[in-house]
>>> print(open('structure21.txt').read())   # compact mmCIF, C-alpha atoms and all ligand atoms
# COMPACT_ATOMS: atom_id res chain seq x y z
CA MET A 1 0.00 0.00 0.00
CA LYS A 2 1.44 3.38 -1.03
CA ILE A 3 1.55 6.16 1.53
CA ALA A 4 0.74 9.77 0.62
CA LEU A 5 1.07 12.92 2.71
CA ILE A 6 -1.06 15.90 1.67
CA THR A 7 -0.46 19.40 3.02
CA GLY A 8 -3.51 21.64 2.56
CA VAL A 9 -5.87 18.65 2.73
CA THR A 10 -8.76 20.83 3.95
CA GLY A 11 -8.61 22.99 0.81
CA GLN A 12 -10.43 22.58 -2.49
CA ASP A 13 -7.70 20.52 -4.19
CA GLY A 14 -6.56 18.69 -1.05
CA SER A 15 -10.02 17.28 -0.42
CA TYR A 16 -10.48 16.02 -4.00
CA LEU A 17 -6.96 14.60 -4.08
CA ALA A 18 -7.47 12.73 -0.79
CA GLU A 19 -10.62 11.13 -2.22
CA LEU A 20 -8.81 10.16 -5.43
CA LEU A 21 -5.87 8.58 -3.58
CA LEU A 22 -8.14 6.64 -1.22
CA GLU A 23 -9.96 5.27 -4.29
CA LYS A 24 -6.55 4.15 -5.53
CA ASP A 25 -5.95 2.30 -2.24
CA TYR A 26 -3.37 4.65 -0.78
CA GLN A 27 -2.93 5.25 2.89
CA VAL A 28 -3.50 9.00 3.06
CA HIS A 29 -2.19 11.37 5.72
CA GLY A 30 -3.41 14.96 5.72
CA ILE A 31 -2.07 17.96 7.61
CA ILE A 32 -4.68 20.23 9.17
CA ARG A 33 -4.35 23.50 11.05
CA ARG A 34 -5.84 23.93 14.47
CA SER A 35 -8.80 26.27 14.22
CA SER A 36 -11.28 27.55 16.79
CA SER A 37 -14.10 26.69 14.40
CA TYR A 38 -14.74 23.54 12.39
CA ASN A 39 -12.67 23.56 9.17
CA LEU A 40 -13.09 20.04 7.83
CA ASP A 41 -16.30 20.50 5.82
CA ARG A 42 -14.66 19.66 2.49
CA LEU A 43 -13.61 16.30 3.91
CA ASP A 44 -17.20 15.25 4.71
CA GLU A 45 -17.14 12.43 2.15
CA ILE A 46 -14.18 10.71 3.82
CA HIS A 47 -14.05 11.97 7.40
CA ILE A 48 -16.48 12.59 10.24
CA GLU A 49 -15.02 13.95 13.45
CA GLY A 50 -15.13 11.29 16.16
CA VAL A 51 -16.22 8.52 13.76
CA LYS A 52 -13.89 6.11 12.02
CA LYS A 53 -15.16 6.49 8.46
CA ASN A 54 -12.11 5.46 6.47
CA GLU A 55 -9.33 3.56 8.19
CA ASN A 56 -6.80 4.56 5.52
CA PHE A 57 -7.30 8.27 6.12
CA HIS A 58 -5.42 10.02 8.93
CA LEU A 59 -5.31 13.65 9.98
CA HIS A 60 -2.43 15.35 11.82
CA TYR A 61 -2.15 18.84 13.22
CA GLY A 62 0.57 20.94 11.64
CA ASP A 63 1.55 24.14 9.95
CA MET A 64 3.86 25.01 7.07
CA THR A 65 5.58 27.62 9.22
CA ASP A 66 6.68 25.02 11.81
CA SER A 67 9.81 23.22 10.58
CA MET A 68 10.01 20.78 13.48
CA ASN A 69 6.41 19.75 12.97
CA VAL A 70 7.01 19.23 9.24
CA ILE A 71 10.07 17.07 9.91
CA ARG A 72 8.28 15.01 12.57
CA LEU A 73 5.23 14.35 10.41
CA ILE A 74 7.31 13.27 7.41
CA SER A 75 9.47 11.10 9.66
CA GLU A 76 6.43 9.43 11.26
CA THR A 77 4.47 8.87 8.06
CA GLN A 78 7.41 7.88 5.76
CA PRO A 79 5.46 8.88 2.65
CA ASP A 80 6.06 7.56 -0.86
CA GLU A 81 4.46 10.72 -2.21
CA ILE A 82 4.08 14.21 -0.77
CA TYR A 83 1.62 16.66 -2.30
CA ASN A 84 2.46 20.15 -1.07
CA LEU A 85 -0.83 21.98 -1.55
CA ALA A 86 -0.83 24.14 1.60
CA ALA A 87 -0.70 27.84 0.84
CA GLN A 88 -2.06 31.26 1.60
CA SER A 89 -3.65 30.99 -1.82
CA HIS A 90 -5.51 34.28 -2.22
CA VAL A 91 -3.70 36.72 -4.51
CA LYS A 92 -5.39 39.88 -3.17
CA VAL A 93 -4.79 38.84 0.46
CA SER A 94 -1.09 38.37 -0.34
CA PHE A 95 -0.82 42.15 -0.78
CA ASP A 96 -2.10 42.54 2.81
CA MET A 97 0.03 39.69 4.23
CA PRO A 98 3.15 39.55 2.07
CA GLU A 99 5.56 38.26 4.73
CA TYR A 100 3.24 35.47 5.91
CA THR A 101 2.54 34.51 2.30
CA ALA A 102 6.29 34.29 1.60
CA ASP A 103 6.80 32.17 4.71
CA VAL A 104 4.03 29.66 3.96
CA ASP A 105 4.10 29.54 0.15
CA GLY A 106 7.83 30.07 -0.40
CA VAL A 107 9.83 28.91 2.61
CA GLY A 108 7.14 26.33 3.41
CA THR A 109 8.09 24.52 0.20
CA LEU A 110 11.75 24.56 1.25
CA ARG A 111 10.77 23.07 4.63
CA ILE A 112 9.20 20.05 2.91
CA LEU A 113 12.16 19.51 0.56
CA GLU A 114 14.77 19.94 3.28
CA ALA A 115 12.88 17.62 5.65
CA VAL A 116 12.90 14.88 3.01
CA ARG A 117 16.63 15.42 2.48
CA ILE A 118 17.48 15.50 6.22
CA LEU A 119 15.45 12.33 6.80
CA LYS A 120 17.31 10.58 3.97
CA LEU A 121 14.07 9.93 2.11
CA SER A 122 15.24 11.51 -1.16
CA GLU A 123 15.24 8.22 -3.01
CA LYS A 124 11.92 6.98 -1.63
CA THR A 125 9.73 10.08 -1.54
CA ARG A 126 8.35 11.84 -4.62
CA ILE A 127 7.22 15.44 -4.15
CA TYR A 128 4.53 17.42 -5.96
CA GLN A 129 4.72 21.20 -5.58
CA ALA A 130 1.54 23.20 -6.22
CA SER A 131 2.93 25.80 -8.56
CA THR A 132 0.74 28.26 -10.42
CA SER A 133 0.00 30.22 -13.57
CA GLU A 134 0.38 33.34 -11.40
CA LEU A 135 4.11 32.94 -12.13
CA TYR A 136 3.39 34.21 -15.67
CA GLY A 137 1.67 37.35 -14.29
CA LYS A 138 2.35 40.03 -16.88
CA VAL A 139 2.37 37.46 -19.63
CA GLN A 140 5.36 37.38 -21.96
CA GLU A 141 3.63 35.23 -24.59
CA VAL A 142 0.19 33.72 -25.31
CA PRO A 143 -0.51 30.92 -24.58
CA GLN A 144 1.87 30.19 -21.72
CA SER A 145 3.84 26.94 -21.75
CA GLU A 146 6.61 25.32 -19.68
CA THR A 147 9.16 27.53 -21.49
CA THR A 148 7.40 30.90 -21.14
CA PRO A 149 9.41 33.36 -18.97
CA PHE A 150 7.90 34.26 -15.60
CA TYR A 151 6.80 37.77 -14.51
CA PRO A 152 4.86 37.48 -11.23
CA ARG A 153 2.64 40.40 -10.23
CA SER A 154 1.86 39.81 -6.55
CA PRO A 155 3.55 38.75 -3.30
CA TYR A 156 1.72 35.43 -3.82
CA GLY A 157 3.23 35.03 -7.30
CA VAL A 158 6.69 35.95 -6.06
CA ALA A 159 6.45 33.53 -3.11
CA LYS A 160 5.32 30.73 -5.45
CA MET A 161 8.22 31.64 -7.74
CA TYR A 162 10.59 30.77 -4.87
CA GLY A 163 8.67 27.51 -4.38
CA PHE A 164 9.05 26.71 -8.08
CA TRP A 165 12.79 27.31 -8.22
CA ILE A 166 13.66 25.67 -4.91
CA THR A 167 11.79 22.55 -6.07
CA LYS A 168 13.72 22.55 -9.33
CA ASN A 169 16.96 23.25 -7.45
CA TYR A 170 16.49 20.28 -5.09
CA ARG A 171 15.68 18.09 -8.07
CA GLU A 172 18.89 19.13 -9.82
CA SER A 173 21.11 19.26 -6.72
CA TYR A 174 20.04 16.10 -4.92
CA ASN A 175 18.49 14.08 -7.72
CA MET A 176 15.10 14.18 -5.97
CA PHE A 177 11.84 13.33 -7.73
CA ALA A 178 10.37 16.79 -7.07
CA VAL A 179 8.10 18.39 -9.66
CA ASN A 180 6.12 21.56 -10.21
CA GLY A 181 2.56 21.41 -11.51
CA ILE A 182 2.00 24.84 -13.07
CA LEU A 183 -1.75 24.81 -12.70
CA PHE A 184 -4.01 27.45 -14.19
CA ASN A 185 -7.17 28.49 -12.33
CA HIS A 186 -9.40 25.57 -11.42
CA GLU A 187 -12.74 25.82 -9.74
CA SER A 188 -15.46 23.58 -8.34
CA GLU A 189 -18.38 23.26 -5.96
CA ARG A 190 -15.72 23.32 -3.21
CA ARG A 191 -13.97 26.52 -4.38
CA GLY A 192 -13.40 29.06 -1.58
CA GLU A 193 -16.18 31.64 -1.51
CA GLU A 194 -13.78 34.58 -1.81
CA PHE A 195 -12.52 33.55 -5.26
CA VAL A 196 -14.34 35.22 -8.12
CA THR A 197 -16.08 32.19 -9.70
CA ARG A 198 -17.63 30.89 -6.47
CA LYS A 199 -18.49 34.41 -5.36
CA ILE A 200 -20.45 34.76 -8.62
CA THR A 201 -22.20 31.35 -8.59
CA LEU A 202 -23.25 31.75 -4.94
CA ALA A 203 -24.48 35.28 -5.54
CA ALA A 204 -26.48 34.21 -8.61
CA ALA A 205 -28.19 31.47 -6.57
CA ARG A 206 -28.91 33.85 -3.70
CA ILE A 207 -30.16 36.66 -5.96
CA ALA A 208 -32.41 34.25 -7.88
CA TYR A 209 -33.94 33.11 -4.57
CA GLY A 210 -34.30 36.62 -3.12
CA LYS A 211 -31.59 36.13 -0.47
CA GLN A 212 -29.19 38.79 -1.79
CA GLU A 213 -29.75 42.06 -3.64
CA LYS A 214 -26.45 42.90 -5.28
CA LEU A 215 -23.10 41.41 -6.18
CA TYR A 216 -20.02 43.63 -5.84
CA LEU A 217 -17.04 42.78 -8.04
CA GLY A 218 -13.68 44.20 -9.15
CA ASN A 219 -12.06 43.91 -12.58
CA LEU A 220 -14.67 42.46 -14.94
CA ASP A 221 -12.27 42.36 -17.88
CA ALA A 222 -9.65 40.06 -16.32
CA LYS A 223 -9.27 36.90 -18.40
CA ARG A 224 -8.59 33.46 -17.00
CA ASP A 225 -8.18 29.87 -18.17
CA TRP A 226 -10.69 28.14 -15.88
CA GLY A 227 -10.78 24.35 -15.50
CA TYR A 228 -12.48 21.88 -13.14
CA ALA A 229 -10.55 21.05 -9.95
CA LYS A 230 -11.47 17.35 -9.95
CA ASP A 231 -9.80 16.93 -13.38
CA TYR A 232 -6.71 18.82 -12.19
CA VAL A 233 -5.97 16.72 -9.08
CA GLU A 234 -5.83 13.66 -11.31
CA CYS A 235 -2.96 15.30 -13.13
CA MET A 236 -1.07 15.90 -9.87
CA TRP A 237 -1.11 12.16 -9.34
CA LEU A 238 -0.12 11.44 -12.96
CA MET A 239 2.92 13.72 -12.62
CA LEU A 240 4.23 11.64 -9.71
CA GLN A 241 3.67 8.37 -11.62
CA HIS A 242 5.64 9.61 -14.65
CA ASP A 243 9.03 7.96 -15.38
CA THR A 244 11.01 11.17 -15.03
CA PRO A 245 10.56 14.20 -12.76
CA GLU A 246 9.35 17.05 -14.97
CA ASP A 247 7.34 20.24 -14.62
CA PHE A 248 3.98 20.47 -16.42
CA VAL A 249 1.50 23.19 -17.38
CA ILE A 250 -2.07 22.13 -16.62
CA ALA A 251 -4.74 24.22 -18.33
CA THR A 252 -7.70 24.01 -20.70
CA GLY A 253 -6.18 26.24 -23.40
CA GLU A 254 -9.27 28.51 -23.36
CA MET A 255 -9.62 32.00 -21.95
CA HIS A 256 -12.76 33.81 -20.74
CA THR A 257 -13.40 37.12 -19.02
CA VAL A 258 -14.90 37.55 -15.55
CA ARG A 259 -17.74 39.41 -17.33
CA GLU A 260 -18.46 36.32 -19.45
CA PHE A 261 -18.45 34.14 -16.31
CA VAL A 262 -21.02 36.49 -14.76
CA GLU A 263 -23.27 36.51 -17.84
CA LYS A 264 -23.28 32.72 -18.25
CA THR A 265 -23.80 32.11 -14.54
CA PHE A 266 -26.77 34.44 -14.27
CA LEU A 267 -28.31 32.96 -17.43
CA GLU A 268 -28.17 29.60 -15.63
CA VAL A 269 -30.57 31.01 -13.01
CA GLY A 270 -32.74 32.69 -15.66
CA ILE A 271 -31.37 36.23 -15.36
CA ASN A 272 -30.23 38.19 -18.42
CA ILE A 273 -27.66 40.87 -17.60
CA LYS A 274 -27.43 44.21 -19.41
CA TRP A 275 -24.26 46.23 -18.73
CA GLU A 276 -24.25 50.04 -18.42
CA GLY A 277 -21.53 52.59 -17.60
CA GLU A 278 -17.76 52.18 -17.47
CA GLY A 279 -14.95 51.37 -15.04
CA VAL A 280 -15.95 51.70 -11.40
CA ASN A 281 -19.30 53.13 -12.52
CA GLU A 282 -20.27 50.07 -14.51
CA ILE A 283 -23.41 48.26 -13.38
CA GLY A 284 -25.16 45.05 -14.35
CA ILE A 285 -28.95 45.29 -14.69
CA ASP A 286 -31.47 42.44 -14.59
CA LEU A 287 -33.09 42.90 -18.02
CA LYS A 288 -36.46 41.62 -16.81
CA THR A 289 -36.87 43.63 -13.60
CA GLY A 290 -34.67 46.65 -14.45
CA LYS A 291 -32.98 46.26 -11.06
CA THR A 292 -29.24 46.85 -10.63
CA ILE A 293 -27.84 43.58 -9.35
CA ILE A 294 -24.12 43.99 -10.09
CA LYS A 295 -21.86 46.85 -9.07
CA VAL A 296 -18.16 47.41 -9.45
CA GLU A 297 -16.30 48.24 -6.28
CA GLU A 298 -12.80 49.66 -6.08
CA LYS A 299 -11.79 47.55 -3.07
CA TYR A 300 -11.78 44.40 -5.20
CA PHE A 301 -9.14 45.76 -7.58
CA ARG A 302 -5.54 44.69 -6.99
CA PRO A 303 -2.46 46.95 -6.73
CA ALA A 304 -1.06 45.07 -9.73
CA GLU A 305 -3.35 42.91 -11.86
CA VAL A 306 -2.76 39.80 -13.94
CA GLU A 307 -4.85 40.81 -16.94
CA GLN A 308 -4.86 37.51 -18.80
CA LEU A 309 -3.83 33.89 -18.45
CA MET A 310 -4.15 31.06 -20.95
CA GLY A 311 -2.14 27.85 -20.78
CA ASP A 312 -0.87 25.42 -23.36
CA PRO A 313 -1.51 21.92 -21.96
CA SER A 314 0.06 19.99 -24.86
CA LYS A 315 2.98 18.57 -22.85
CA ALA A 316 0.60 17.06 -20.26
CA GLU A 317 -1.67 15.79 -23.03
CA ASP A 318 1.21 14.12 -24.87
CA LEU A 319 3.26 12.69 -21.99
CA LEU A 320 0.65 12.12 -19.29
CA LYS A 321 -2.30 11.43 -21.62
CA TRP A 322 -4.26 13.98 -19.61
CA ASP A 323 -7.53 15.18 -21.13
CA SER A 324 -7.63 18.98 -20.94
CA LYS A 325 -11.13 19.11 -22.45
CA LYS A 326 -12.84 16.74 -20.01
CA THR A 327 -15.00 19.45 -18.42
CA SER A 328 -15.94 22.44 -20.57
CA PHE A 329 -16.30 26.03 -19.35
CA ASP A 330 -20.10 25.77 -19.67
CA GLU A 331 -20.22 22.46 -17.79
CA LEU A 332 -18.09 23.92 -15.00
CA ILE A 333 -20.55 26.79 -14.54
CA LYS A 334 -23.53 24.43 -14.65
CA LYS A 335 -22.02 22.18 -11.95
CA MET A 336 -21.21 25.08 -9.64
CA VAL A 337 -24.59 26.78 -10.04
CA ALA A 338 -26.53 23.53 -9.60
CA PHE A 339 -24.64 22.86 -6.38
CA ASP A 340 -25.16 26.36 -5.02
CA ILE A 341 -28.86 26.30 -5.80
CA LYS A 342 -29.21 22.98 -3.96
CA LYS A 343 -27.41 24.33 -0.89
CA LYS A 344 -30.22 24.23 1.64
CA ASN A 345 -29.08 27.09 3.83
CA LEU A 346 -28.39 29.94 1.46
CA GLU A 347 -27.65 32.59 4.08
CA VAL A 348 -29.46 35.91 3.81
CA TYR A 349 -27.00 38.50 2.54
CA GLU A 350 -27.59 42.20 3.11
CA SER A 351 -26.44 44.47 0.28
P1 LIG A 401 -7.25 26.49 -0.84
O1 LIG A 401 -8.63 25.95 -1.05
O2 LIG A 401 -7.08 27.91 -0.43
O3 LIG A 401 -6.54 25.53 0.25
C1 LIG A 401 -5.34 25.91 0.84
C2 LIG A 401 -4.99 24.87 1.90
O4 LIG A 401 -3.76 25.26 2.52
C3 LIG A 401 -6.02 24.76 3.03
O5 LIG A 401 -6.11 23.41 3.43
C4 LIG A 401 -5.41 25.61 4.13
O6 LIG A 401 -5.84 25.23 5.42
C5 LIG A 401 -3.95 25.24 3.94
N1 LIG A 401 -3.04 26.18 4.59
C6 LIG A 401 -3.01 27.53 4.46
N2 LIG A 401 -2.02 28.05 5.21
C7 LIG A 401 -1.41 27.00 5.84
C8 LIG A 401 -0.35 26.88 6.77
N3 LIG A 401 0.30 27.95 7.22
N4 LIG A 401 -0.01 25.64 7.18
C9 LIG A 401 -0.68 24.54 6.76
N5 LIG A 401 -1.71 24.60 5.89
C10 LIG A 401 -2.07 25.82 5.45
O7 LIG A 401 -6.36 26.28 -2.15
P2 LIG A 401 -6.63 25.33 -3.42
O8 LIG A 401 -7.44 26.08 -4.40
O9 LIG A 401 -7.06 24.00 -2.94
O10 LIG A 401 -5.16 25.25 -4.02
C11 LIG A 401 -4.24 24.24 -3.59
C12 LIG A 401 -2.82 24.69 -3.90
O11 LIG A 401 -2.69 24.91 -5.31
C13 LIG A 401 -2.39 25.99 -3.25
O12 LIG A 401 -1.02 25.89 -2.98
C14 LIG A 401 -2.62 27.03 -4.33
O13 LIG A 401 -1.77 28.14 -4.14
C15 LIG A 401 -2.26 26.24 -5.56
N6 LIG A 401 -2.94 26.62 -6.81
C16 LIG A 401 -4.30 26.72 -6.85
C17 LIG A 401 -4.92 27.03 -8.05
C18 LIG A 401 -6.42 27.14 -8.15
O14 LIG A 401 -6.90 27.70 -9.13
N7 LIG A 401 -7.17 26.59 -7.20
C19 LIG A 401 -4.15 27.23 -9.20
C20 LIG A 401 -2.76 27.10 -9.11
C21 LIG A 401 -2.17 26.78 -7.91
P3 LIG A 401 -7.15 25.91 6.09
O15 LIG A 401 -8.32 25.14 5.54
O16 LIG A 401 -6.92 25.69 7.53
O17 LIG A 401 -7.17 27.35 5.68
N1 LIG A 402 -11.38 37.29 -5.86
C1 LIG A 402 -11.99 38.19 -6.64
N2 LIG A 402 -13.07 38.87 -6.15
N3 LIG A 402 -11.50 38.41 -7.87
C2 LIG A 402 -12.15 39.31 -8.65
C3 LIG A 402 -13.27 40.01 -8.22
C4 LIG A 402 -13.75 39.78 -6.89
O1 LIG A 402 -14.72 40.37 -6.44
N4 LIG A 402 -13.69 40.80 -9.23
C5 LIG A 402 -12.88 40.60 -10.26
N5 LIG A 402 -11.92 39.70 -9.92
C6 LIG A 402 -10.81 39.26 -10.78
C7 LIG A 402 -9.44 39.34 -10.12
O2 LIG A 402 -8.95 40.67 -10.15
C8 LIG A 402 -8.66 38.37 -11.00
O3 LIG A 402 -8.20 39.03 -12.14
C9 LIG A 402 -9.70 37.33 -11.41
O4 LIG A 402 -10.98 37.89 -11.08
C10 LIG A 402 -9.56 35.99 -10.70
O5 LIG A 402 -9.48 36.22 -9.32
P1 LIG A 402 -9.50 35.01 -8.25
O6 LIG A 402 -10.69 34.18 -8.46
O7 LIG A 402 -9.28 35.61 -6.91
O8 LIG A 402 -8.26 34.11 -8.70
P2 LIG A 402 -6.74 34.48 -9.09
O9 LIG A 402 -6.61 34.28 -10.56
O10 LIG A 402 -6.35 35.78 -8.54
O11 LIG A 402 -5.93 33.37 -8.30
C11 LIG A 402 -6.36 32.00 -8.32
O12 LIG A 402 -5.75 31.32 -9.40
C12 LIG A 402 -4.32 31.22 -9.33
C13 LIG A 402 -3.85 30.49 -10.60
O13 LIG A 402 -3.81 31.37 -11.67
C14 LIG A 402 -5.98 31.39 -6.97
O14 LIG A 402 -6.56 30.11 -6.89
C15 LIG A 402 -4.46 31.23 -6.84
O15 LIG A 402 -4.16 30.49 -5.65
C16 LIG A 402 -3.95 30.47 -8.07
O16 LIG A 402 -2.55 30.32 -8.00
>>> encode(input="structure21.txt", output="structure tokens")
Amino acid sequence: MKIALITGVTGQDGSYLAELLLEKDYQVHGIIRRSSSYNLDRLDEIHIEGVKKNENFHLHYGDMTDSMNVIRLISETQPDEIYNLAAQSHVKVSFDMPEYTADVDGVGTLRILEAVRILKLSEKTRIYQASTSELYGKVQEVPQSETTPFYPRSPYGVAKMYGFWITKNYRESYNMFAVNGILFNHESERRGEEFVTRKITLAAARIAYGKQEKLYLGNLDAKRDWGYAKDYVECMWLMLQHDTPEDFVIATGEMHTVREFVEKTFLEVGINIKWEGEGVNEIGIDLKTGKTIIKVEEKYFRPAEVEQLMGDPSKAEDLLKWDSKKTSFDELIKKMVAFDIKKKNLEVYES
């Protein structure tokens, strides 16, 4: 039985990956942070607090900023595969917490690599580093591939840039099987509510059911390459099963604006949006009722923006036989909206 250790197991990707590895008969260890409120909701399928639901799934308290804890957990679990998914993953928040973001997302990666080296597990343990399309930032070519130069635009991007290079450096210096998955944006029913897609699908469901009046957004013209998280975690696993340690771009190869995501999402709940005005004065009107339901708000703009991202997944398609077209943009929206409409307790949101 293979043993996997997942950092960030409570997150969107961590929860899907844990499910996938359990299906593949792995023994899965996940690192969770101590929190004063319950933070294991995304693990509901495989874990119920106080109940032994899956005997191959184990949770351990830890934190990426605590080197001794990282070393102890790797020593105790002796993993064949480590998936380093833990991160302060919000780009806008990284401008407010740049030092913490560097510590968790940058130095945190080093802590994992160095622990494996210190524990003399370099030959046994394969490491996946959750790298990101944010490295491309102010894009130097379109689409972006494994050879496109980086130009990060946020403390998050810069911290992840350290994570990328230190992973590559340990691979080259110590012959470790350590790889970067350069993943473009991927979303799901489990996406954090402060990321733009989930913020939009939840708001559309709430507005359609009279629980919210308006949705406030930032840059409507930002373009992203949005895929489905469940398809992307499969690729993380494929990268660690590959013969040689290599970095891969994972993307759909399609780009859409935030505006388009809004329009399609609201159409899913039967609302046609008409746009009026420009910049921070732009509004989205419900064509049927004439009500303003979308407003632009300055606070959601970033000090430096990544205007567009679109990946070229051909290397992963060729070498890993990964299907970048498994879930289309329209299907992704449908899945997220259907889930949010079904959510029984759509909280009442004041506008
Ligand atoms: P997410 O939902 O925000 O999950 C982040 C996870 O990291 C959570 O489990 C969180 O724990 C944990 N974490 C945060 N700070 C930590 C710390 N100091 N110590 C230990 N754990 C900590 O992120 P995601 O969307 O699943 O993304 C997974 C990884 O892929 C991240 O590294 C992200 O930067 C990267 N990535 C994501 C995307 C994307 O589009 N989703 C694209 C490219 C790369 P709590 O639950 O306790 O907060
Ligand atoms: N969050 C948010 N909230 N973003 C908004 C809003 C809003 O109200 N309005 C417009 N946007 C724009 C942002 O300015 C950005 O251009 C785009 O929507 C996407 O924002 P997010 O959903 O927050 O994602 P991200 O692209 O910044 O970062 C995500 O993808 C990266 C991979 O490219 C995160 O998951 C990162 O962790 C990941 O590395």
>>> closest_atom_pairs(input="structure21.txt", of="chain A", to="ligand LIG 402 (chain A)", cutoff="6 Å", atoms="only C-alpha atoms and all ligand atoms", output="CSV")
residue,atom,partner,partner_atom,distance
A:Ser89,CA,A:LIG402,O15,3.9
A:His90,CA,A:LIG402,O15,5.3
A:Val91,CA,A:LIG402,O10,4.9
A:Thr132,CA,A:LIG402,O16,4.6
A:Ser133,CA,A:LIG402,O13,4.4
A:Glu134,CA,A:LIG402,O13,4.6
A:Phe184,CA,A:LIG402,O13,4.7
A:Asn185,CA,A:LIG402,C13,4.2
A:Glu194,CA,A:LIG402,N1,5.4
A:Phe195,CA,A:LIG402,O6,3.7
A:Val196,CA,A:LIG402,O6,3.8
A:Thr197,CA,A:LIG402,O6,5.9
A:Leu217,CA,A:LIG402,O1,3.7
A:Gly218,CA,A:LIG402,N4,3.4
A:Asn219,CA,A:LIG402,C5,4.1
A:Leu220,CA,A:LIG402,C5,5.3
A:Ala222,CA,A:LIG402,O3,4.5
A:Val258,CA,A:LIG402,O4,6.0
A:Tyr300,CA,A:LIG402,O1,5.1
A:Phe301,CA,A:LIG402,O2,5.7
A:Val306,CA,A:LIG402,O3,5.8
>>> residues_near_ligand(input="structure21.txt", ligand="ligand LIG 401 (chain A)", cutoff="7 Å", atoms="only C-alpha atoms and all ligand atoms", output="MDAnalysis selection string")
chainID A and resid 7:14 31:33 35 39 62:65 84:90 104 130:133 182:187 191:192
>>> residues_around(input="structure21.txt", residues="Glu81 of chain A", least_positions_apart="3", cutoff="9 Å", atoms="all atoms listed in the file", output="PyMOL selection string")
chain A and resi 2-6+78+124-128+240
>>> closest_residue(input="structure21.txt", among="A:Gln212, A:Ser94, A:Asn169, A:Gln140", to="Pro155 of chain A", atoms="all atoms listed in the file")
A:Ser94
>>> closest_residue(input="structure21.txt", among="A:His29, A:Arg171, A:Arg259, A:Lys223", to="Ile200 of chain A", atoms="only C-alpha atoms")
A:Arg259
>>> closest_residue(input="structure21.txt", among="A:Thr289, A:Thr265, A:Asn56, A:Thr252", to="Lys199 of chain A", atoms="only C-alpha atoms")
A:Thr265
>>> residues_near_point(input="structure21.txt", point="(-30.4, 27.0, -16.6)", cutoff="12 Å", atoms="only C-alpha atoms", output="CSV table (one decimal) with C-alpha atoms, in the coordinates of the input")
chain,number,residue,atom,x,y,z
A,204,ALA,CA,-26.5,34.2,-8.6
A,205,ALA,CA,-28.2,31.5,-6.6
A,208,ALA,CA,-32.4,34.2,-7.9
A,263,GLU,CA,-23.3,36.5,-17.8
A,264,LYS,CA,-23.3,32.7,-18.2
A,265,THR,CA,-23.8,32.1,-14.5
A,266,PHE,CA,-26.8,34.4,-14.3
A,267,LEU,CA,-28.3,33.0,-17.4
A,268,GLU,CA,-28.2,29.6,-15.6
A,269,VAL,CA,-30.6,31.0,-13.0
A,270,GLY,CA,-32.7,32.7,-15.7
A,271,ILE,CA,-31.4,36.2,-15.4
A,272,ASN,CA,-30.2,38.2,-18.4
A,330,ASP,CA,-20.1,25.8,-19.7
A,331,GLU,CA,-20.2,22.5,-17.8
A,333,ILE,CA,-20.6,26.8,-14.5
A,334,LYS,CA,-23.5,24.4,-14.6
A,335,LYS,CA,-22.0,22.2,-12.0
A,336,MET,CA,-21.2,25.1,-9.6
A,337,VAL,CA,-24.6,26.8,-10.0
A,338,ALA,CA,-26.5,23.5,-9.6
A,341,ILE,CA,-28.9,26.3,-5.8
>>> atom_distance(input="structure21.txt", atom1="atom CA of Phe339 of chain A", atom2="atom CA of Phe261 of chain A")
16.3 Å
>>> closest_residue(input="structure21.txt", among="A:Glu317, A:Glu298, A:Asp231, A:Asp243", to="Leu17 of chain A", atoms="all atoms listed in the file")
A:Asp231
>>> axis_aligned_box(input="structure21.txt", around="segment 62-75 of chain A", padding_each_side="8 Å", output="AutoDock Vina command-line options")
--center_x 5.3 --center_y 19.4 --center_z 10.3 --size_x 25.5 --size_y 32.5 --size_z 22.4
>>> decode(input="structure21.txt", residues="segment 164-169 of chain A", atoms="N, CA, C and O atoms", output="short mmCIF file (atom, residue, chain, number, x, y, z; two decimals), in the first residue's frame")
data_model
loop_
_atom_site.label_atom_id
_atom_site.label_comp_id
_atom_site.auth_asym_id
_atom_site.auth_seq_id
_atom_site.Cartn_x
_atom_site.Cartn_y
_atom_site.Cartn_z
N PHE A 164 8.75 27.37 -6.80
CA PHE A 164 9.05 26.71 -8.08
C PHE A 164 10.54 26.42 -8.20
O PHE A 164 10.96 25.29 -8.46
N TRP A 165 11.35 27.46 -7.98
CA TRP A 165 12.79 27.31 -8.22
C TRP A 165 13.48 26.43 -7.18
O TRP A 165 14.41 25.70 -7.50
N ILE A 166 13.00 26.49 -5.93
CA ILE A 166 13.66 25.67 -4.91
C ILE A 166 13.33 24.19 -5.17
O ILE A 166 14.16 23.30 -4.93
N THR A 167 12.15 23.93 -5.71
CA THR A 167 11.79 22.55 -6.07
C THR A 167 12.71 22.06 -7.19
O THR A 167 13.27 20.96 -7.12
N LYS A 168 12.86 22.91 -8.20
CA LYS A 168 13.72 22.55 -9.33
C LYS A 168 15.18 22.40 -8.85
O LYS A 168 15.90 21.49 -9.27
N ASN A 169 15.59 23.29 -7.96
CA ASN A 169 16.96 23.25 -7.45
C ASN A 169 17.24 21.96 -6.68
O ASN A 169 18.30 21.34 -6.83
#
